[in-house]
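One file, work.csv, is given below (CSV, C-alpha atoms).
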chain,number,residue,atom,x,y,z
G,1,MET,CA,-19.5,-126.4,126.5
G,2,ARG,CA,-16.0,-126.3,125.1
G,3,ALA,CA,-17.4,-125.8,121.6
G,4,PHE,CA,-19.5,-122.8,122.9
G,5,ARG,CA,-16.4,-121.3,124.4
G,6,LEU,CA,-14.4,-121.8,121.2
G,7,ILE,CA,-17.2,-120.2,119.2
G,8,ALA,CA,-17.5,-117.3,121.6
G,9,LEU,CA,-13.8,-116.8,121.5
G,10,ALA,CA,-13.7,-116.9,117.7
G,11,ALA,CA,-16.7,-114.4,117.6
G,12,GLN,CA,-14.9,-112.0,120.0
G,13,ALA,CA,-11.7,-112.2,118.0
G,14,GLU,CA,-13.6,-111.6,114.8
G,15,GLY,CA,-15.4,-108.6,116.3
G,16,LEU,CA,-12.2,-107.1,117.5
G,17,LEU,CA,-10.6,-107.7,114.2
G,18,LEU,CA,-13.4,-106.0,112.3
G,19,ARG,CA,-13.5,-103.0,114.7
G,20,ARG,CA,-9.7,-102.6,114.4
G,21,GLN,CA,-9.8,-102.8,110.6
G,22,GLY,CA,-12.7,-100.4,110.4
G,23,ALA,CA,-11.0,-97.9,112.6
G,24,LEU,CA,-7.8,-98.2,110.6
G,25,MET,CA,-9.7,-97.7,107.3
G,26,GLY,CA,-11.7,-94.8,108.7
G,27,ARG,CA,-8.6,-93.1,110.1
G,28,THR,CA,-6.7,-93.5,106.9
G,29,ALA,CA,-9.6,-92.1,104.8
G,30,VAL,CA,-10.0,-89.1,107.1
G,31,LEU,CA,-6.3,-88.4,106.9
G,32,VAL,CA,-6.2,-88.7,103.2
G,33,VAL,CA,-9.1,-86.3,102.7
G,34,LEU,CA,-7.6,-83.7,105.1
G,35,ALA,CA,-4.2,-84.0,103.5
G,36,SER,CA,-5.7,-83.6,100.1
G,37,CYS,CA,-7.6,-80.5,101.1
G,38,PHE,CA,-4.6,-78.8,102.7
G,39,ALA,CA,-2.3,-79.9,99.9
G,40,ALA,CA,-4.7,-78.5,97.2
G,41,ALA,CA,-4.9,-75.1,99.0
G,42,ALA,CA,-1.1,-75.0,99.6
G,43,LEU,CA,-0.3,-76.0,96.1
G,44,LEU,CA,-2.6,-73.5,94.6
G,45,LEU,CA,-0.9,-70.7,96.5
G,46,LEU,CA,2.5,-72.1,95.8
G,47,HIS,CA,1.8,-72.5,92.2
G,48,LEU,CA,0.8,-68.9,91.9
G,49,ALA,CA,3.7,-67.5,93.9
G,50,GLY,CA,6.2,-69.9,92.3
G,51,PHE,CA,5.1,-69.3,88.8
G,52,ILE,CA,5.3,-65.6,89.2
G,53,TRP,CA,8.8,-65.8,90.7
G,54,LEU,CA,10.1,-68.4,88.3
G,55,GLU,CA,8.6,-66.8,85.2
G,56,ALA,CA,10.5,-63.6,86.0
G,57,ARG,CA,13.8,-65.6,86.3
G,58,GLU,CA,13.5,-68.6,83.9
G,59,GLY,CA,10.6,-68.0,81.6
G,60,PRO,CA,7.1,-69.6,81.5
G,61,LEU,CA,8.1,-73.0,80.2
G,62,ALA,CA,10.8,-73.6,82.8
G,63,ALA,CA,8.5,-72.3,85.6
G,64,ALA,CA,5.8,-74.8,84.6
G,65,LEU,CA,8.3,-77.7,84.6
G,66,TRP,CA,9.7,-76.8,88.0
G,67,LEU,CA,6.2,-76.6,89.5
G,68,ALA,CA,5.3,-80.0,88.0
G,69,LEU,CA,8.4,-81.5,89.7
G,70,VAL,CA,7.4,-80.0,93.0
G,71,ASP,CA,3.8,-81.4,92.5
G,72,ALA,CA,5.2,-84.9,91.9
G,73,VAL,CA,7.3,-84.8,95.0
G,74,ILE,CA,4.4,-83.6,97.2
G,75,ALA,CA,2.1,-86.3,95.7
G,76,GLY,CA,4.7,-89.0,96.4
G,77,LEU,CA,5.1,-87.8,100.0
G,78,LEU,CA,1.3,-87.9,100.6
G,79,LEU,CA,1.0,-91.4,99.1
G,80,PHE,CA,3.8,-92.5,101.3
G,81,LEU,CA,2.1,-91.2,104.4
G,82,ALA,CA,-1.3,-92.7,103.4
G,83,ARG,CA,0.0,-96.3,103.0
G,84,PRO,CA,-1.6,-98.9,105.3
G,85,ARG,CA,0.4,-100.1,108.3
G,86,PRO,CA,0.0,-103.5,109.9
G,87,ASP,CA,-1.9,-103.5,113.2
G,88,PRO,CA,-0.4,-105.9,115.7
G,89,VAL,CA,-3.7,-106.2,117.6
G,90,ALA,CA,-5.6,-107.1,114.4
G,91,VAL,CA,-2.9,-109.7,113.6
G,92,GLU,CA,-3.2,-111.3,117.0
G,93,ALA,CA,-7.0,-111.3,116.8
G,94,ARG,CA,-6.8,-113.0,113.4
G,95,VAL,CA,-4.5,-115.7,114.8
G,96,LEU,CA,-6.7,-116.3,117.8
G,97,ARG,CA,-9.8,-116.6,115.5
G,98,GLU,CA,-8.0,-119.1,113.3
G,99,GLN,CA,-6.7,-121.2,116.3
G,100,SER,CA,-10.1,-121.4,117.9
G,101,LEU,CA,-11.8,-122.3,114.7
G,102,SER,CA,-9.2,-124.9,113.9
G,103,MET,CA,-9.6,-126.4,117.4
G,104,LEU,CA,-13.4,-126.5,116.9
G,105,LEU,CA,-13.2,-128.1,113.5
G,106,GLY,CA,-10.1,-130.2,114.0
G,107,LYS,CA,-11.8,-133.5,114.4
G,108,GLY,CA,-13.0,-136.1,111.8
G,109,ALA,CA,-16.0,-135.6,109.6
G,110,GLU,CA,-18.4,-137.8,111.6
G,111,ALA,CA,-17.4,-136.3,114.9
G,112,ARG,CA,-17.7,-132.8,113.4
G,113,SER,CA,-21.3,-133.4,112.3
G,114,HIS,CA,-22.2,-134.7,115.7
G,115,ASP,CA,-20.5,-131.8,117.4
G,116,TRP,CA,-22.5,-129.3,115.3
G,117,GLU,CA,-25.7,-131.1,116.1
G,118,ARG,CA,-25.0,-131.2,119.8
G,119,LEU,CA,-23.9,-127.6,119.6
G,120,GLY,CA,-27.1,-126.6,117.9
G,121,LEU,CA,-29.2,-128.4,120.5
G,122,GLN,CA,-27.3,-126.8,123.3
G,123,ALA,CA,-27.7,-123.3,121.8
G,124,LEU,CA,-31.4,-123.9,121.4
G,125,GLY,CA,-31.6,-125.0,125.0
G,126,VAL,CA,-29.9,-121.9,126.2
G,127,VAL,CA,-32.1,-119.7,124.1
G,128,LEU,CA,-35.3,-121.4,125.3
G,129,GLU,CA,-34.1,-121.1,129.0
G,130,ARG,CA,-33.5,-117.4,128.6
G,131,TRP,CA,-36.8,-116.9,126.8
G,132,LEU,CA,-38.7,-118.8,129.5
G,133,LYS,CA,-37.1,-116.9,132.3
G,134,LYS,CA,-38.4,-113.6,130.9
Can you dump the structure from the file as structure tokens?
Amino acid sequence: MRAFRLIALAAQAEGLLLRRQGALMGRTAVLVVLASCFAAAALLLLHLAGFIWLEAREGPLAAALWLALVDAVIAGLLLFLARPRPDPVAVEARVLREQSLSMLLGKGAEARSHDWERLGLQALGVVLERWLKK
């Protein structure tokens, strides 16, 4: 039964890890798309207004170069905000998964094969019991 508990613990940790990673990736993707849409609209209006203002003062070439600099700064800021951040819960789930699997597989090769056979028979017994109860 210890092997079942270790496998169940590893499966729960894996599920938590996958849910957390999926949520992080989804949140990052949504934020990147929203930031891109707002940045595109803002940059379009800023380009127009900035170009008109700078062209009157500096000329068309200097206006275009200043706007390119502003674009580069904004793009760098958005990329900085979109960077992935480590999730402490996901890290702990990964450590728990690795510990439970190492405890399960930490024995010798012969013992490991017998453990897997016994584990498979126990799992089959549990499935048959639940199936017969229905």
Could you produce a table of the residues of segment 10-31 of chain G lying within 6 Å of segment 93-101 of chain G, with the nearest pair of atoms per residue and their separation in Å rounded to one decimal, using only C-alpha atoms, ordered by chain and increasing residue number, as JSON lines?
{"residue": "G:Ala10", "atom": "CA", "partner": "G:Arg97", "partner_atom": "CA", "distance": 4.5}
{"residue": "G:Ala13", "atom": "CA", "partner": "G:Ala93", "partner_atom": "CA", "distance": 4.9}
{"residue": "G:Leu17", "atom": "CA", "partner": "G:Ala93", "partner_atom": "CA", "distance": 5.7}
TODO: Please provide the set of residues having any atom within 9 Å of segment 63-79 of chain G, restricted to only C-alpha atoms, with same-chain residues fewer than 4 positions apart removed, written as a ChimeraX atom specification.
DONE: /G:32,35-36,39,43,46-47,50-59,83
Task: Interatomic distance (Å, one decimal) between atom CA of Ser102 of chain G and atom CA of Leu6 of chain G - done: 9.5 Å
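Between atom CA of Leu31 of chain G and atom CA of Arg85 of chain G there is a distance of 13.6 Å.
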TODO: Go through G:Leu121, G:Val127, G:Ala49, G:Leu81 one by one, measure the shortest atom-to-atom distance of each to Ala29 of chain G using only C-alpha atoms, and give the residue with the smallest value.
DONE: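 Looking at the shortest contact to Ala29 of chain G, the residue is G:Leu81.
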